[in-house]
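Chemist: Next comes entry_28.cif, mmCIF, C-alpha atoms and all ligand atoms:
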```
data_entry
loop_
_atom_site.label_atom_id
_atom_site.label_comp_id
_atom_site.auth_asym_id
_atom_site.auth_seq_id
_atom_site.Cartn_x
_atom_site.Cartn_y
_atom_site.Cartn_z
CA MET B 210 0.00 0.00 0.00
CA GLU B 211 1.35 3.42 -0.99
CA LYS B 212 2.37 5.51 2.00
CA ILE B 213 1.33 9.15 2.02
CA LEU B 214 2.71 10.21 5.40
CA ASP B 215 4.98 8.56 7.92
CA ILE B 216 5.20 10.16 11.35
CA ASN B 217 7.95 8.92 13.60
CA GLN B 218 8.11 9.74 17.33
CA LEU B 219 7.03 13.30 16.75
CA SER B 220 6.94 15.62 19.78
CA LYS B 221 6.21 19.27 20.41
CA HIS B 222 6.87 20.61 23.88
CA TYR B 223 6.11 24.15 25.04
CA GLY B 224 8.31 24.36 28.12
CA PRO B 225 7.00 21.69 30.50
CA LEU B 226 3.79 21.22 28.43
CA LYS B 227 3.88 18.20 26.15
CA ALA B 228 1.46 19.35 23.44
CA VAL B 229 2.41 16.29 21.35
CA ASP B 230 4.49 13.52 22.85
CA ASN B 231 6.19 10.80 20.89
CA VAL B 232 3.45 10.22 18.34
CA SER B 233 4.00 7.76 15.48
CA PHE B 234 1.56 6.69 12.79
CA LYS B 235 1.32 6.11 9.07
CA ILE B 236 -1.19 7.30 6.53
CA GLU B 237 -1.82 5.09 3.55
CA LYS B 238 -3.38 6.09 0.27
CA GLY B 239 -7.13 5.89 -0.15
CA HIS B 240 -8.21 5.87 3.51
CA VAL B 241 -9.93 8.47 5.65
CA TYR B 242 -8.05 9.10 8.89
CA GLY B 243 -9.39 10.89 11.93
CA ILE B 244 -7.23 12.36 14.67
CA LEU B 245 -9.63 12.18 17.56
CA GLY B 246 -9.18 13.74 20.97
CA PRO B 247 -10.66 16.19 23.44
CA ASN B 248 -9.79 19.89 23.26
CA GLY B 249 -6.11 20.51 23.86
CA SER B 250 -5.06 16.93 23.11
CA GLY B 251 -2.59 17.97 20.41
CA LYS B 252 -4.55 17.48 17.18
CA SER B 253 -3.88 20.91 15.65
CA THR B 254 -0.25 20.86 16.79
CA THR B 255 0.24 17.49 15.05
CA LEU B 256 -1.29 18.86 11.83
CA GLY B 257 0.77 22.06 12.17
CA MET B 258 4.00 20.08 12.38
CA VAL B 259 3.39 17.94 9.30
CA LEU B 260 2.29 21.05 7.40
CA ASN B 261 5.54 22.79 8.31
CA VAL B 262 3.97 25.62 10.31
CA VAL B 263 5.01 24.32 13.76
CA ASN B 264 8.60 23.23 14.43
CA PRO B 265 8.80 19.81 16.10
CA THR B 266 10.81 19.54 19.32
CA SER B 267 11.93 16.07 18.25
CA GLY B 268 11.02 13.23 15.93
CA SER B 269 10.46 13.29 12.21
CA TYR B 270 7.91 12.83 9.46
CA SER B 271 8.16 12.18 5.76
CA TRP B 272 5.68 12.72 2.96
CA PHE B 273 5.18 10.41 -0.01
CA GLU B 274 7.78 7.85 1.10
CA GLY B 275 10.47 10.53 1.19
CA LEU B 276 10.50 10.74 -2.62
CA THR B 277 9.81 14.49 -2.53
CA SER B 278 11.19 17.07 -0.14
CA ASN B 279 8.76 18.15 2.57
CA HIS B 280 8.62 21.55 0.87
CA ASP B 281 7.62 20.10 -2.54
CA ALA B 282 5.22 17.69 -0.84
CA LEU B 283 3.12 20.64 0.30
CA LYS B 284 2.14 21.20 -3.34
CA LYS B 285 0.41 17.81 -3.32
CA ILE B 286 -1.51 18.54 -0.14
CA GLY B 287 -4.76 20.44 0.26
CA ALA B 288 -5.18 21.76 3.80
CA ILE B 289 -7.69 23.81 5.73
CA ILE B 290 -6.42 24.42 9.22
CA GLU B 291 -7.84 27.89 9.81
CA ARG B 292 -11.25 29.51 9.48
CA PRO B 293 -12.03 30.06 5.79
CA ASN B 294 -10.82 33.47 4.74
CA PHE B 295 -11.55 34.95 1.34
CA TYR B 296 -12.11 38.46 -0.04
CA PRO B 297 -15.58 39.46 1.26
CA SER B 298 -16.79 41.43 -1.76
CA MET B 299 -15.49 39.02 -4.36
CA ASP B 300 -17.62 36.05 -5.42
CA ALA B 301 -16.61 32.37 -5.31
CA VAL B 302 -15.22 32.30 -8.85
CA GLN B 303 -13.19 35.49 -8.38
CA ASN B 304 -11.80 34.24 -5.08
CA LEU B 305 -10.86 30.85 -6.52
CA LYS B 306 -9.24 32.49 -9.56
CA LEU B 307 -7.09 34.46 -7.16
CA VAL B 308 -6.14 31.25 -5.30
CA CYS B 309 -5.12 29.68 -8.63
CA LYS B 310 -2.98 32.70 -9.41
CA ILE B 311 -1.26 32.61 -6.01
CA LYS B 312 -0.66 28.86 -6.24
CA ASN B 313 0.33 29.15 -9.88
CA ILE B 314 -2.15 26.50 -11.00
CA SER B 315 -4.71 26.31 -13.80
CA THR B 316 -8.22 27.76 -13.34
CA ASP B 317 -9.73 24.79 -15.26
CA LYS B 318 -11.03 23.00 -12.19
CA ILE B 319 -12.96 25.90 -10.61
CA GLU B 320 -16.42 24.93 -11.90
CA GLU B 321 -15.87 21.22 -11.17
CA LYS B 322 -14.83 21.88 -7.57
CA LEU B 323 -17.66 24.34 -6.98
CA GLU B 324 -20.06 21.69 -8.19
CA LEU B 325 -18.48 19.11 -5.87
CA VAL B 326 -19.14 21.33 -2.84
CA ASP B 327 -22.61 22.31 -4.10
CA LEU B 328 -21.85 26.00 -4.61
CA LEU B 329 -22.31 26.22 -8.37
CA SER B 330 -25.67 27.98 -8.05
CA ARG B 331 -24.11 30.60 -5.75
CA LYS B 332 -20.85 31.02 -7.62
CA HIS B 333 -21.50 34.69 -8.36
CA SER B 334 -22.60 35.68 -4.85
CA PRO B 335 -20.11 37.72 -2.84
CA PHE B 336 -18.28 35.71 -0.18
CA LYS B 337 -19.65 37.97 2.57
CA THR B 338 -23.19 36.73 1.81
CA TYR B 339 -22.25 33.08 2.45
CA SER B 340 -23.33 31.11 5.53
CA LEU B 341 -20.58 29.55 7.66
CA GLY B 342 -21.24 26.19 6.01
CA MET B 343 -20.92 27.70 2.53
CA LYS B 344 -17.67 29.41 3.55
CA GLN B 345 -16.31 26.10 4.75
CA ARG B 346 -17.40 24.43 1.49
CA LEU B 347 -15.68 27.13 -0.54
CA ALA B 348 -12.50 26.51 1.48
CA ILE B 349 -12.76 22.81 0.59
CA ALA B 350 -13.21 23.67 -3.10
CA SER B 351 -10.18 25.93 -2.86
CA ALA B 352 -8.04 23.22 -1.24
CA LEU B 353 -9.02 20.80 -4.02
CA LEU B 354 -8.18 23.03 -6.98
CA ASN B 355 -4.89 21.27 -7.68
CA ASP B 356 -6.33 17.76 -7.13
CA PRO B 357 -4.21 17.06 -4.04
CA GLU B 358 -3.18 13.54 -3.02
CA ILE B 359 -4.41 14.26 0.48
CA LEU B 360 -6.91 16.67 1.98
CA ILE B 361 -6.28 17.80 5.56
CA LEU B 362 -9.09 19.35 7.58
CA ASP B 363 -9.00 20.66 11.15
CA GLU B 364 -12.41 20.40 12.84
CA PRO B 365 -14.29 20.75 9.52
CA THR B 366 -17.76 20.97 11.05
CA ASN B 367 -17.02 23.29 13.98
CA GLY B 368 -19.77 25.85 14.48
CA LEU B 369 -22.10 24.44 11.81
CA ASP B 370 -25.76 23.57 12.30
CA PRO B 371 -26.85 19.91 11.87
CA GLN B 372 -27.71 20.43 8.19
CA GLY B 373 -24.36 22.09 7.51
CA ILE B 374 -22.56 19.29 9.35
CA ARG B 375 -24.37 16.67 7.27
CA LYS B 376 -23.47 18.43 4.04
CA ILE B 377 -19.77 18.69 4.91
CA ARG B 378 -19.71 15.01 5.92
CA ASP B 379 -21.35 13.99 2.64
CA ILE B 380 -18.81 16.05 0.71
CA ILE B 381 -15.90 14.50 2.62
CA GLN B 382 -17.25 11.02 1.86
CA HIS B 383 -17.70 11.95 -1.80
CA ILE B 384 -14.11 13.23 -2.04
CA ALA B 385 -12.84 10.06 -0.34
CA ALA B 386 -14.87 7.91 -2.76
CA GLN B 387 -13.02 9.62 -5.62
CA GLY B 388 -9.76 8.26 -4.17
CA THR B 389 -8.41 11.27 -2.28
CA THR B 390 -6.82 10.38 1.05
CA ILE B 391 -8.23 12.43 3.91
CA LEU B 392 -6.85 13.35 7.32
CA LEU B 393 -9.17 15.23 9.61
CA ALA B 394 -8.90 16.35 13.20
CA SER B 395 -12.02 16.23 15.31
CA HIS B 396 -13.12 16.13 18.92
CA LEU B 397 -16.39 14.49 17.82
CA LEU B 398 -16.43 10.74 18.11
CA ASP B 399 -19.62 10.58 16.08
CA GLU B 400 -17.98 12.46 13.22
CA VAL B 401 -14.95 10.16 13.14
CA GLU B 402 -17.13 7.07 13.41
CA LYS B 403 -19.32 8.20 10.50
CA VAL B 404 -16.64 9.48 8.15
CA CYS B 405 -13.32 7.78 8.91
CA THR B 406 -11.92 4.35 8.16
CA HIS B 407 -8.99 4.78 10.58
CA VAL B 408 -8.55 6.65 13.81
CA ILE B 409 -5.67 8.00 15.87
CA VAL B 410 -6.81 8.78 19.42
CA LEU B 411 -4.84 11.45 21.27
CA ARG B 412 -5.07 12.47 24.90
CA LYS B 413 -2.83 15.14 26.43
CA GLY B 414 -0.43 14.80 23.51
CA SER B 415 -0.04 11.02 23.76
CA MET B 416 -1.39 8.51 21.29
CA LEU B 417 -3.77 6.01 22.88
CA TYR B 418 -4.94 4.11 19.84
CA CYS B 419 -4.18 3.94 16.16
CA GLY B 420 -5.94 1.60 13.78
CA PRO B 421 -9.14 0.87 11.89
CA VAL B 422 -12.28 2.42 13.37
CA GLU B 423 -14.06 -0.93 13.51
CA GLU B 424 -11.21 -2.50 15.49
CA MET B 425 -11.48 0.23 18.07
CA ASN B 426 -15.04 -0.99 18.33
CA LYS B 427 -13.93 -4.60 18.47
CA ASN B 428 -14.70 -5.42 21.99
CA PHE B 429 -16.51 -8.41 23.38
CA GLY B 430 -18.51 -6.29 25.81
CA SER B 431 -19.35 -7.42 29.31
CA ILE B 432 -21.93 -9.34 31.30
CA LEU B 433 -23.71 -8.42 34.46
CA ILE B 434 -24.15 -11.59 36.46
CA ASP B 435 -25.53 -12.19 39.95
CA ALA B 436 -26.56 -15.00 42.28
CA LYS B 437 -27.60 -15.25 45.91
CA ASP B 438 -24.32 -16.90 46.81
CA ARG B 439 -21.78 -14.42 45.46
CA THR B 440 -18.75 -16.23 46.92
CA THR B 441 -19.49 -19.40 44.92
CA LEU B 442 -20.28 -17.29 41.85
CA ALA B 443 -16.92 -15.49 42.16
CA GLU B 444 -15.12 -18.86 42.38
CA PHE B 445 -17.07 -20.12 39.35
CA LEU B 446 -16.14 -17.03 37.30
CA LYS B 447 -12.44 -17.54 38.05
CA THR B 448 -12.62 -20.87 36.18
CA GLN B 449 -14.27 -19.39 33.06
CA THR B 450 -11.89 -18.55 30.19
CA TYR B 451 -14.17 -15.81 28.78
CA ALA B 452 -14.13 -13.86 32.07
CA GLY B 453 -11.74 -10.89 32.25
CA SER B 454 -11.58 -8.24 34.93
CA THR B 455 -14.52 -8.40 37.31
CA GLU B 456 -16.11 -5.53 39.20
CA ASP B 457 -18.31 -6.10 42.22
CA THR B 458 -21.33 -3.79 41.83
CA MET B 459 -24.66 -3.38 43.63
CA ASP B 460 -26.38 -5.26 40.80
CA GLY B 461 -23.91 -8.14 40.60
CA PHE B 462 -20.51 -8.80 39.07
CA GLU B 463 -19.72 -6.81 35.94
CA VAL B 464 -17.39 -9.08 33.99
CA LYS B 465 -15.39 -7.87 30.98
CA LEU B 466 -15.51 -10.54 28.29
CA LEU B 467 -12.34 -11.85 26.66
CA SER B 468 -14.20 -13.74 23.92
CA ASP B 469 -17.66 -14.15 22.41
CA VAL B 470 -20.05 -15.90 24.77
CA ASP B 471 -23.38 -17.63 24.63
CA THR B 472 -25.39 -16.50 27.67
CA THR B 473 -27.55 -19.66 27.58
CA LYS B 474 -24.38 -21.73 27.98
CA ILE B 475 -23.18 -19.54 30.88
CA ASN B 476 -26.52 -20.07 32.57
CA GLN B 477 -26.36 -23.83 32.01
CA ASP B 478 -22.72 -24.10 33.20
CA ALA B 479 -23.51 -22.06 36.32
CA PHE B 480 -26.51 -24.29 37.03
CA ASN B 481 -24.36 -27.41 36.58
CA ALA B 482 -21.95 -25.91 39.11
CA GLY B 483 -24.82 -25.57 41.59
CA ILE B 484 -25.40 -21.86 41.11
CA VAL B 485 -28.84 -20.44 40.38
CA LEU B 486 -28.35 -17.11 38.66
CA SER B 487 -30.60 -14.23 39.66
CA ARG B 488 -29.32 -11.99 36.91
CA LEU B 489 -27.50 -12.48 33.61
CA MET B 490 -27.31 -9.61 31.17
CA PHE B 491 -25.09 -9.06 28.17
CA LYS B 492 -23.79 -5.49 27.65
CA LYS B 493 -22.09 -4.40 24.45
CA GLN B 494 -19.75 -1.47 24.98
CA SER B 495 -20.47 1.36 22.58
CA LEU B 496 -17.70 3.14 20.70
CA GLU B 497 -18.49 6.16 22.85
CA ASP B 498 -17.95 4.17 26.07
CA GLN B 499 -14.64 2.92 24.72
CA PHE B 500 -13.54 6.40 23.69
CA ILE B 501 -14.38 7.75 27.13
CA GLU B 502 -12.60 4.82 28.75
CA LEU B 503 -9.55 5.35 26.52
CA THR B 504 -9.36 9.08 27.16
CA ASN B 505 -10.15 8.88 30.90
CA ASN B 506 -7.69 6.24 32.02
N1 LIG Y 601 1.94 28.25 20.65
C1 LIG Y 601 1.65 27.62 21.78
N2 LIG Y 601 2.24 27.94 22.94
C2 LIG Y 601 1.96 27.28 24.08
N3 LIG Y 601 1.11 26.23 24.18
C3 LIG Y 601 0.49 25.86 23.05
C4 LIG Y 601 0.73 26.52 21.79
N4 LIG Y 601 -0.02 25.90 20.85
C5 LIG Y 601 -0.71 24.93 21.48
N5 LIG Y 601 -0.40 24.89 22.80
C6 LIG Y 601 -0.94 23.96 23.80
O1 LIG Y 601 -0.71 22.66 23.34
C7 LIG Y 601 -1.79 21.80 23.70
C8 LIG Y 601 -2.34 21.13 22.46
O2 LIG Y 601 -3.01 22.12 21.67
P1 LIG Y 601 -3.70 21.80 20.28
O3 LIG Y 601 -4.27 23.08 19.75
O4 LIG Y 601 -2.77 21.04 19.42
O5 LIG Y 601 -4.88 20.83 20.74
P2 LIG Y 601 -6.16 20.37 19.95
O6 LIG Y 601 -6.32 18.91 20.25
O7 LIG Y 601 -6.06 20.76 18.53
O8 LIG Y 601 -7.29 21.16 20.69
P3 LIG Y 601 -8.43 22.14 20.12
O9 LIG Y 601 -9.43 21.26 19.49
O10 LIG Y 601 -8.92 22.80 21.36
O11 LIG Y 601 -7.73 23.07 19.19
C9 LIG Y 601 -2.80 22.67 24.43
O12 LIG Y 601 -2.59 22.52 25.82
C10 LIG Y 601 -2.45 24.07 23.97
O13 LIG Y 601 -2.77 25.03 24.95
#
```
So that I can check it, write out the structure of this file as structure tokens.
Ligand SMILES: Nc1ncnc2c1ncn2[C@@H]1O[C@H](COP(=O)(O)OP(=O)(O)OP(=O)(O)O)[C@@H](O)[C@H]1O
Modeler:
Amino acid sequence: MEKILDINQLSKHYGPLKAVDNVSFKIEKGHVYGILGPNGSGKSTTLGMVLNVVNPTSGSYSWFEGLTSNHDALKKIGAIIERPNFYPSMDAVQNLKLVCKIKNISTDKIEEKLELVDLLSRKHSPFKTYSLGMKQRLAIASALLNDPEILILDEPTNGLDPQGIRKIRDIIQHIAAQGTTILLASHLLDEVEKVCTHVIVLRKGSMLYCGPVEEMNKNFGSILIDAKDRTTLAEFLKTQTYAGSTEDTMDGFEVKLLSDVDTTKINQDAFNAGIVLSRLMFKKQSLEDQFIELTNN
């Protein structure tokens, strides 16, 4: 698989504050990556470093398997890391023409990109008349003008209403479906879950998880199990290979599962061991629970 970005033990420290600490991950072509973390976890700083606007304290990164210098690589990247900023009295086409001039690229793709972000019908309206969502969509069109290999977005739906959020998400998915690799930073689990194929979870600058979104969700869940005689039940659970860490709660033992289980079989096995269960409930841990668990521990 073609590598787009390789980040190796990258750190950014501001005095004693470790904004990003020893983060390593790879971005491969054709996937949608989310850097997920609460506010202040180091998402923007990570993007800033790979976009050459923040100097790393240590570590390294290389774009496109090191075949191009980091400076030249920037020409193959489309990035939106600030609030969209265009000339207020100029319309979309005029603004994008100016972007093409500054970047020294052809104006051929302006109409196509405006259509992609659903702004064709408003292409002659001045930028100052645009809603926040339209401004963000124009920024996406602008970042795509040179057909970049990768599109980088920092909190793309921040401040938008639900409709605006939906529209941006649809556009991101559409761009990804056309083969463009995407890296987005977000503090919204729901956004990453809906849009991304891979996720990098950051907390206080450290990386907690990196891998496919569905594997983050790969968790066998837990069971809540109870019986009148809790001592015998505890002994029974110790002999069961599916039983992981066990928490003694008011409602019974909450047992993390280490493998898939069949609750009917648990009930039968407990009965055979002389235990009559008063409660047996299977609980699947949601991605949200796992994210909170990951970022809280
Ligand atoms: N120039 C700076 N000087 C000092 N500290 C900084 C600087 N830039 C960022 N930080 C700190 O580094 C940490 C990480 O910030 P960063 O903006 O990367 O987080 P983030 O995950 O993008 O959060 P948010 O979503 O709130 O922007 C924060 O504690 C922030 O205050």
Chemist: Return as a tab-separated table the residues of chain B lying at most 12 Å from ligand LIG 601 (chain Y), together with the closest atom-to-atom pair for each and the distance in Å to one decimal, counting all atoms listed in the file, with rows in chain order and ascending residue number.
Modeler:
```
residue	atom	partner	partner_atom	distance
B:Ser220	CA	Y:LIG601	O1	11.0
B:Lys221	CA	Y:LIG601	O1	8.2
B:His222	CA	Y:LIG601	O1	7.9
B:Tyr223	CA	Y:LIG601	C2	5.3
B:Gly224	CA	Y:LIG601	C2	8.1
B:Pro225	CA	Y:LIG601	N3	9.8
B:Leu226	CA	Y:LIG601	O1	6.9
B:Lys227	CA	Y:LIG601	O1	7.0
B:Ala228	CA	Y:LIG601	O1	4.0
B:Val229	CA	Y:LIG601	C8	6.9
B:Asp230	CA	Y:LIG601	C8	10.2
B:Gly243	CA	Y:LIG601	O6	12.0
B:Ile244	CA	Y:LIG601	O6	8.7
B:Leu245	CA	Y:LIG601	O6	8.0
B:Gly246	CA	Y:LIG601	O6	6.0
B:Pro247	CA	Y:LIG601	O6	6.0
B:Asn248	CA	Y:LIG601	O10	3.6
B:Gly249	CA	Y:LIG601	O5	3.4
B:Ser250	CA	Y:LIG601	O6	3.7
B:Gly251	CA	Y:LIG601	O4	3.2
B:Lys252	CA	Y:LIG601	O6	3.8
B:Ser253	CA	Y:LIG601	O7	3.6
B:Thr254	CA	Y:LIG601	O4	3.6
B:Thr255	CA	Y:LIG601	O4	6.4
B:Leu256	CA	Y:LIG601	O4	8.0
B:Gly257	CA	Y:LIG601	O4	8.1
B:Met258	CA	Y:LIG601	O4	9.8
B:Val262	CA	Y:LIG601	N1	10.9
B:Val263	CA	Y:LIG601	N1	8.5
B:Asn264	CA	Y:LIG601	N1	10.4
B:Pro265	CA	Y:LIG601	N4	11.7
B:Ile290	CA	Y:LIG601	O7	10.0
B:Glu291	CA	Y:LIG601	O11	10.5
B:Leu362	CA	Y:LIG601	O7	11.4
B:Asp363	CA	Y:LIG601	O7	7.9
B:Glu364	CA	Y:LIG601	O9	7.3
B:Pro365	CA	Y:LIG601	O9	11.1
B:Thr366	CA	Y:LIG601	O9	11.9
B:Asn367	CA	Y:LIG601	O9	9.6
B:Leu393	CA	Y:LIG601	O7	10.9
B:Ala394	CA	Y:LIG601	O7	7.5
B:Ser395	CA	Y:LIG601	O9	7.0
B:His396	CA	Y:LIG601	O9	6.3
B:Leu397	CA	Y:LIG601	O9	9.9
B:Ile409	CA	Y:LIG601	O6	11.8
B:Val410	CA	Y:LIG601	O6	10.2
B:Leu411	CA	Y:LIG601	O6	7.7
B:Arg412	CA	Y:LIG601	O6	8.0
B:Lys413	CA	Y:LIG601	C8	7.2
B:Gly414	CA	Y:LIG601	C8	6.7
B:Ser415	CA	Y:LIG601	C8	10.4
B:Met416	CA	Y:LIG601	O6	11.6
```
Chemist: For those residues, write C-alpha atoms to a file as an mmCIF file, keeping the file's coordinate frame.
Modeler:
```cif
data_model
loop_
_atom_site.group_PDB
_atom_site.id
_atom_site.type_symbol
_atom_site.label_atom_id
_atom_site.label_comp_id
_atom_site.auth_asym_id
_atom_site.auth_seq_id
_atom_site.Cartn_x
_atom_site.Cartn_y
_atom_site.Cartn_z
ATOM 1 C CA SER B 220 6.940 15.620 19.780
ATOM 2 C CA LYS B 221 6.210 19.270 20.410
ATOM 3 C CA HIS B 222 6.870 20.610 23.880
ATOM 4 C CA TYR B 223 6.110 24.150 25.040
ATOM 5 C CA GLY B 224 8.310 24.360 28.120
ATOM 6 C CA PRO B 225 7.000 21.690 30.500
ATOM 7 C CA LEU B 226 3.790 21.220 28.430
ATOM 8 C CA LYS B 227 3.880 18.200 26.150
ATOM 9 C CA ALA B 228 1.460 19.350 23.440
ATOM 10 C CA VAL B 229 2.410 16.290 21.350
ATOM 11 C CA ASP B 230 4.490 13.520 22.850
ATOM 12 C CA GLY B 243 -9.390 10.890 11.930
ATOM 13 C CA ILE B 244 -7.230 12.360 14.670
ATOM 14 C CA LEU B 245 -9.630 12.180 17.560
ATOM 15 C CA GLY B 246 -9.180 13.740 20.970
ATOM 16 C CA PRO B 247 -10.660 16.190 23.440
ATOM 17 C CA ASN B 248 -9.790 19.890 23.260
ATOM 18 C CA GLY B 249 -6.110 20.510 23.860
ATOM 19 C CA SER B 250 -5.060 16.930 23.110
ATOM 20 C CA GLY B 251 -2.590 17.970 20.410
ATOM 21 C CA LYS B 252 -4.550 17.480 17.180
ATOM 22 C CA SER B 253 -3.880 20.910 15.650
ATOM 23 C CA THR B 254 -0.250 20.860 16.790
ATOM 24 C CA THR B 255 0.240 17.490 15.050
ATOM 25 C CA LEU B 256 -1.290 18.860 11.830
ATOM 26 C CA GLY B 257 0.770 22.060 12.170
ATOM 27 C CA MET B 258 4.000 20.080 12.380
ATOM 28 C CA VAL B 262 3.970 25.620 10.310
ATOM 29 C CA VAL B 263 5.010 24.320 13.760
ATOM 30 C CA ASN B 264 8.600 23.230 14.430
ATOM 31 C CA PRO B 265 8.800 19.810 16.100
ATOM 32 C CA ILE B 290 -6.420 24.420 9.220
ATOM 33 C CA GLU B 291 -7.840 27.890 9.810
ATOM 34 C CA LEU B 362 -9.090 19.350 7.580
ATOM 35 C CA ASP B 363 -9.000 20.660 11.150
ATOM 36 C CA GLU B 364 -12.410 20.400 12.840
ATOM 37 C CA PRO B 365 -14.290 20.750 9.520
ATOM 38 C CA THR B 366 -17.760 20.970 11.050
ATOM 39 C CA ASN B 367 -17.020 23.290 13.980
ATOM 40 C CA LEU B 393 -9.170 15.230 9.610
ATOM 41 C CA ALA B 394 -8.900 16.350 13.200
ATOM 42 C CA SER B 395 -12.020 16.230 15.310
ATOM 43 C CA HIS B 396 -13.120 16.130 18.920
ATOM 44 C CA LEU B 397 -16.390 14.490 17.820
ATOM 45 C CA ILE B 409 -5.670 8.000 15.870
ATOM 46 C CA VAL B 410 -6.810 8.780 19.420
ATOM 47 C CA LEU B 411 -4.840 11.450 21.270
ATOM 48 C CA ARG B 412 -5.070 12.470 24.900
ATOM 49 C CA LYS B 413 -2.830 15.140 26.430
ATOM 50 C CA GLY B 414 -0.430 14.800 23.510
ATOM 51 C CA SER B 415 -0.040 11.020 23.760
ATOM 52 C CA MET B 416 -1.390 8.510 21.290
#
```
Chemist: Please compute the CA of Lys235 in chain B-CA of Lys312 in chain B distance, one decimal, in Å.
Modeler: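 Value for the CA of Lys235 in chain B-CA of Lys312 in chain B distance: 27.5 Å.
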Chemist: Would you list the residues near (-11.6, 20.6, -1.0) (no more than 9 Å away, in the coordinates of the file, using all atoms listed in the file) as a list in words?
Modeler: Gly287, Ala288, Ile289, Lys322, Leu325, Val326, Arg346, Leu347, Ala348, Ile349, Ala350, Ser351, Ala352, Leu353, Leu354, Asp356, Pro357, Leu360, Ile361, Ile380, Ile381 and Ile384 of chain B
Chemist: Quick one, how far is CA of Asp379 in chain B from CA of His407 in chain B?
Modeler: 17.3 Å
Chemist: Could you please determine the separation between CA of Asn231 in chain B and CA of Val259 in chain B in Å, to one decimal place?
Modeler: 13.9 Å
Chemist: So which one's closest to Arg292 in chain B, B:Leu398, B:Cys405, B:Leu341, B:Met459? Using all atoms listed in the file, please.
Modeler: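 Among B:Leu398, B:Cys405, B:Leu341, B:Met459, it is B:Leu341 that comes nearest to Arg292 in chain B.
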Chemist: List the neighbours of Lys212 in chain B out to 10 Å using all atoms listed in the file; skip same-chain residues closer than 6 positions along the sequence, and give me the result as an mmCIF file with C-alpha atoms, in the frame of the given file.
Modeler:
```cif
data_model
loop_
_atom_site.group_PDB
_atom_site.id
_atom_site.type_symbol
_atom_site.label_atom_id
_atom_site.label_comp_id
_atom_site.auth_asym_id
_atom_site.auth_seq_id
_atom_site.Cartn_x
_atom_site.Cartn_y
_atom_site.Cartn_z
ATOM 1 C CA LYS B 235 1.320 6.110 9.070
ATOM 2 C CA ILE B 236 -1.190 7.300 6.530
ATOM 3 C CA GLU B 237 -1.820 5.090 3.550
ATOM 4 C CA LYS B 238 -3.380 6.090 0.270
ATOM 5 C CA GLY B 239 -7.130 5.890 -0.150
ATOM 6 C CA SER B 271 8.160 12.180 5.760
ATOM 7 C CA TRP B 272 5.680 12.720 2.960
ATOM 8 C CA PHE B 273 5.180 10.410 -0.010
ATOM 9 C CA GLU B 274 7.780 7.850 1.100
ATOM 10 C CA GLY B 275 10.470 10.530 1.190
#
```
Chemist: Would you list the residues near (-14.1, -15.1, 26.7), meaning any protein, DNA or RNA residue with an atom at most 6 Å from that point in file coordinates, counting all atoms listed in the file, as a count of residues only?
Modeler: 7
Chemist: Could you pull the residues within 6 Å of range 333-340 of chain B, counting only C-alpha atoms, minus those fewer than 5 positions along the same chain, as JSON, numbers by chain?
Modeler: {"B": [297, 298, 299, 300]}
